[in-house]
Structure formats: C-alpha cells, structure tokens
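Engineer: Submitted below is the structure of interest, expressed as structure tokens.
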Amino acid sequence: MRLMVVANLSKPRVKPALDELVPWLEKRVDVIGLDLDKSQDLHTCEVDCILVLGGDGTLLNTAHRLRGR
C-alpha cells in the first residue's frame, strides 16, 4: 500500500506522534511522502491512502486539496 501522511505541526501533539508513527509505518507500507506545509499537490499524488494528523480543519483542508478525487 502507498501512503501519504499529511500533518499539521501547529497542533502540539502531532509532532511527537509523527516521530513515533512514521518509522513504524515505513516498516509496513510504502510511505510516499510527508506533507507538513500544504505544499504537495494531493490531486496528482499516486497513493492508496492518506493519513491526516491534526484536527477537523486539517482533514477538511486535505479533502479540499484532493479536488474531488
């Protein structure tokens, strides 16, 4: 499985969770990329799944950036 991780580092608990989670994930799936600053074009990303770490706004923003995909 190809996975993209989108994380909002302004949330205080996201960075520690990300530091622990990414190495664990990389042993199990193909982590295609980490989007920590909303710079990735998610609409064209070739992934099977996107993991969103943050809050409701991060999830809604990520869905918007997918542009209906």
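The chains in the structure tokens are called A, B, ... from first to last as shown; in each chain the residues are counted from 1, and the ligands are counted from 1 in the order shown.
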Looking only at the backbone, which of the residues in chain A does DSSP tag as strand (DSSP E), as a ChimeraX atom specification?

Structural biologist: /A:2-7,30-35,49-53

Engineer: For the residues selected in the previous step, produce a file with N, CA, C and O atoms as a PDB file, in the first residue's frame.

Structural biologist:
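Once everything was written out, this is result_1.pdb:
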ATOM      1  N   ARG A   2       0.501   2.221  -0.799  1.00  0.00           N
ATOM      2  CA  ARG A   2       1.207   3.509  -0.883  1.00  0.00           C
ATOM      3  C   ARG A   2       0.456   4.533  -0.037  1.00  0.00           C
ATOM      4  O   ARG A   2      -0.733   4.737  -0.227  1.00  0.00           O
ATOM      5  N   LEU A   3       1.178   5.170   0.873  1.00  0.00           N
ATOM      6  CA  LEU A   3       0.571   6.056   1.866  1.00  0.00           C
ATOM      7  C   LEU A   3       1.209   7.434   1.836  1.00  0.00           C
ATOM      8  O   LEU A   3       2.435   7.564   1.749  1.00  0.00           O
ATOM      9  N   MET A   4       0.384   8.455   1.922  1.00  0.00           N
ATOM     10  CA  MET A   4       0.837   9.842   2.093  1.00  0.00           C
ATOM     11  C   MET A   4       0.394  10.263   3.493  1.00  0.00           C
ATOM     12  O   MET A   4      -0.724   9.949   3.912  1.00  0.00           O
ATOM     13  N   VAL A   5       1.272  10.954   4.205  1.00  0.00           N
ATOM     14  CA  VAL A   5       0.936  11.466   5.529  1.00  0.00           C
ATOM     15  C   VAL A   5       0.856  12.981   5.439  1.00  0.00           C
ATOM     16  O   VAL A   5       1.798  13.637   4.992  1.00  0.00           O
ATOM     17  N   VAL A   6      -0.279  13.530   5.838  1.00  0.00           N
ATOM     18  CA  VAL A   6      -0.484  14.975   5.900  1.00  0.00           C
ATOM     19  C   VAL A   6      -0.575  15.322   7.383  1.00  0.00           C
ATOM     20  O   VAL A   6      -1.378  14.726   8.112  1.00  0.00           O
ATOM     21  N   ALA A   7       0.255  16.256   7.837  1.00  0.00           N
ATOM     22  CA  ALA A   7       0.287  16.584   9.263  1.00  0.00           C
ATOM     23  C   ALA A   7       0.308  18.087   9.480  1.00  0.00           C
ATOM     24  O   ALA A   7       0.980  18.817   8.765  1.00  0.00           O
ATOM     25  N   ASP A  30       4.510   1.490   2.050  1.00  0.00           N
ATOM     26  CA  ASP A  30       5.376   2.390   1.299  1.00  0.00           C
ATOM     27  C   ASP A  30       4.902   3.822   1.542  1.00  0.00           C
ATOM     28  O   ASP A  30       3.891   4.246   0.978  1.00  0.00           O
ATOM     29  N   VAL A  31       5.622   4.538   2.409  1.00  0.00           N
ATOM     30  CA  VAL A  31       5.263   5.935   2.702  1.00  0.00           C
ATOM     31  C   VAL A  31       5.803   6.782   1.551  1.00  0.00           C
ATOM     32  O   VAL A  31       7.003   6.983   1.420  1.00  0.00           O
ATOM     33  N   ILE A  32       4.900   7.265   0.707  1.00  0.00           N
ATOM     34  CA  ILE A  32       5.260   8.032  -0.485  1.00  0.00           C
ATOM     35  C   ILE A  32       5.770   9.422  -0.122  1.00  0.00           C
ATOM     36  O   ILE A  32       6.669   9.948  -0.759  1.00  0.00           O
ATOM     37  N   GLY A  33       5.179  10.031   0.894  1.00  0.00           N
ATOM     38  CA  GLY A  33       5.608  11.378   1.252  1.00  0.00           C
ATOM     39  C   GLY A  33       4.968  11.882   2.515  1.00  0.00           C
ATOM     40  O   GLY A  33       3.988  11.321   3.006  1.00  0.00           O
ATOM     41  N   LEU A  34       5.562  12.943   3.040  1.00  0.00           N
ATOM     42  CA  LEU A  34       5.038  13.656   4.202  1.00  0.00           C
ATOM     43  C   LEU A  34       4.736  15.081   3.769  1.00  0.00           C
ATOM     44  O   LEU A  34       5.615  15.762   3.254  1.00  0.00           O
ATOM     45  N   ASP A  35       3.518  15.510   3.962  1.00  0.00           N
ATOM     46  CA  ASP A  35       3.152  16.888   3.635  1.00  0.00           C
ATOM     47  C   ASP A  35       2.956  17.630   4.954  1.00  0.00           C
ATOM     48  O   ASP A  35       1.937  17.450   5.621  1.00  0.00           O
ATOM     49  N   CYS A  49      -3.838   5.655   0.069  1.00  0.00           N
ATOM     50  CA  CYS A  49      -4.435   6.128   1.317  1.00  0.00           C
ATOM     51  C   CYS A  49      -3.697   7.370   1.791  1.00  0.00           C
ATOM     52  O   CYS A  49      -2.494   7.513   1.561  1.00  0.00           O
ATOM     53  N   ILE A  50      -4.428   8.264   2.463  1.00  0.00           N
ATOM     54  CA  ILE A  50      -3.818   9.446   3.070  1.00  0.00           C
ATOM     55  C   ILE A  50      -4.161   9.429   4.551  1.00  0.00           C
ATOM     56  O   ILE A  50      -5.326   9.319   4.929  1.00  0.00           O
ATOM     57  N   LEU A  51      -3.129   9.532   5.377  1.00  0.00           N
ATOM     58  CA  LEU A  51      -3.294   9.619   6.825  1.00  0.00           C
ATOM     59  C   LEU A  51      -3.184  11.089   7.208  1.00  0.00           C
ATOM     60  O   LEU A  51      -2.182  11.742   6.877  1.00  0.00           O
ATOM     61  N   VAL A  52      -4.191  11.610   7.880  1.00  0.00           N
ATOM     62  CA  VAL A  52      -4.223  13.020   8.250  1.00  0.00           C
ATOM     63  C   VAL A  52      -4.071  13.142   9.761  1.00  0.00           C
ATOM     64  O   VAL A  52      -4.864  12.575  10.514  1.00  0.00           O
ATOM     65  N   LEU A  53      -3.057  13.880  10.186  1.00  0.00           N
ATOM     66  CA  LEU A  53      -2.820  14.136  11.606  1.00  0.00           C
ATOM     67  C   LEU A  53      -3.011  15.619  11.866  1.00  0.00           C
ATOM     68  O   LEU A  53      -2.330  16.448  11.272  1.00  0.00           O
TER      69      LEU A  53
END

Engineer: Excluding same-chain residues fewer than 4 positions from Arg65 of chain A, what lies within 8 Å of it counting only C-alpha atoms, as a list in words?

Structural biologist: Asp41, Leu42, His43 and Asn61 of chain A

Engineer: Can I get the selection written as a PDB file, in the first residue's frame, with N, CA, C and O atoms?

Structural biologist:
ATOM      1  N   ASP A  41       0.871  18.560  -4.095  1.00  0.00           N
ATOM      2  CA  ASP A  41      -0.332  18.546  -4.921  1.00  0.00           C
ATOM      3  C   ASP A  41      -0.999  17.190  -4.721  1.00  0.00           C
ATOM      4  O   ASP A  41      -0.629  16.202  -5.347  1.00  0.00           O
ATOM      5  N   LEU A  42      -1.946  17.134  -3.818  1.00  0.00           N
ATOM      6  CA  LEU A  42      -2.579  15.863  -3.475  1.00  0.00           C
ATOM      7  C   LEU A  42      -3.451  15.326  -4.597  1.00  0.00           C
ATOM      8  O   LEU A  42      -3.706  14.130  -4.669  1.00  0.00           O
ATOM      9  N   HIS A  43      -3.898  16.199  -5.477  1.00  0.00           N
ATOM     10  CA  HIS A  43      -4.761  15.780  -6.570  1.00  0.00           C
ATOM     11  C   HIS A  43      -4.048  14.826  -7.520  1.00  0.00           C
ATOM     12  O   HIS A  43      -4.655  13.938  -8.110  1.00  0.00           O
ATOM     13  N   ASN A  61      -9.243  20.568   4.986  1.00  0.00           N
ATOM     14  CA  ASN A  61      -8.319  21.168   4.027  1.00  0.00           C
ATOM     15  C   ASN A  61      -7.732  20.102   3.107  1.00  0.00           C
ATOM     16  O   ASN A  61      -7.598  20.319   1.898  1.00  0.00           O
TER      17      ASN A  61
END

Engineer: Set the distance at 8 Å and use only C-alpha atoms: which residues neighbour segment 54-60 of chain A once local chain neighbours fewer than 4 positions away are removed? I'd like the list as JSON, numbers by chain.

Structural biologist: {"A": [7, 8, 9, 11, 14, 64]}

Engineer: Using DSSP on the backbone coordinates, identify the residues of segment 1-50 of chain A assigned to alpha helix (DSSP H); present them as a list in words.

Structural biologist: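 Matching residues, listed in order: Val14, Lys15, Pro16, Ala17, Leu18, Asp19, Glu20, Leu21, Val22, Pro23, Trp24, Leu25 and Glu26 of chain A.
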
Engineer: What gap, in Å, lies between atom CA of Thr62 of chain A and atom CA of Lys38 of chain A?

Structural biologist: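 If I compute the distance from atom CA of Thr62 of chain A to atom CA of Lys38 of chain A, I get 8.4 Å.
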
Engineer: Report the distance between atom CA of Val29 of chain A and atom CA of Asp48 of chain A in Å, rounded to one decimal place.

Structural biologist: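 Computed distance, atom CA of Val29 of chain A to atom CA of Asp48 of chain A, equals 10.5 Å.
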
Engineer: Atom CA of Gly68 of chain A and atom CA of Gln40 of chain A are how many Å apart?

Structural biologist: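 Going from atom CA of Gly68 of chain A over to atom CA of Gln40 of chain A, I get 15.8 Å.
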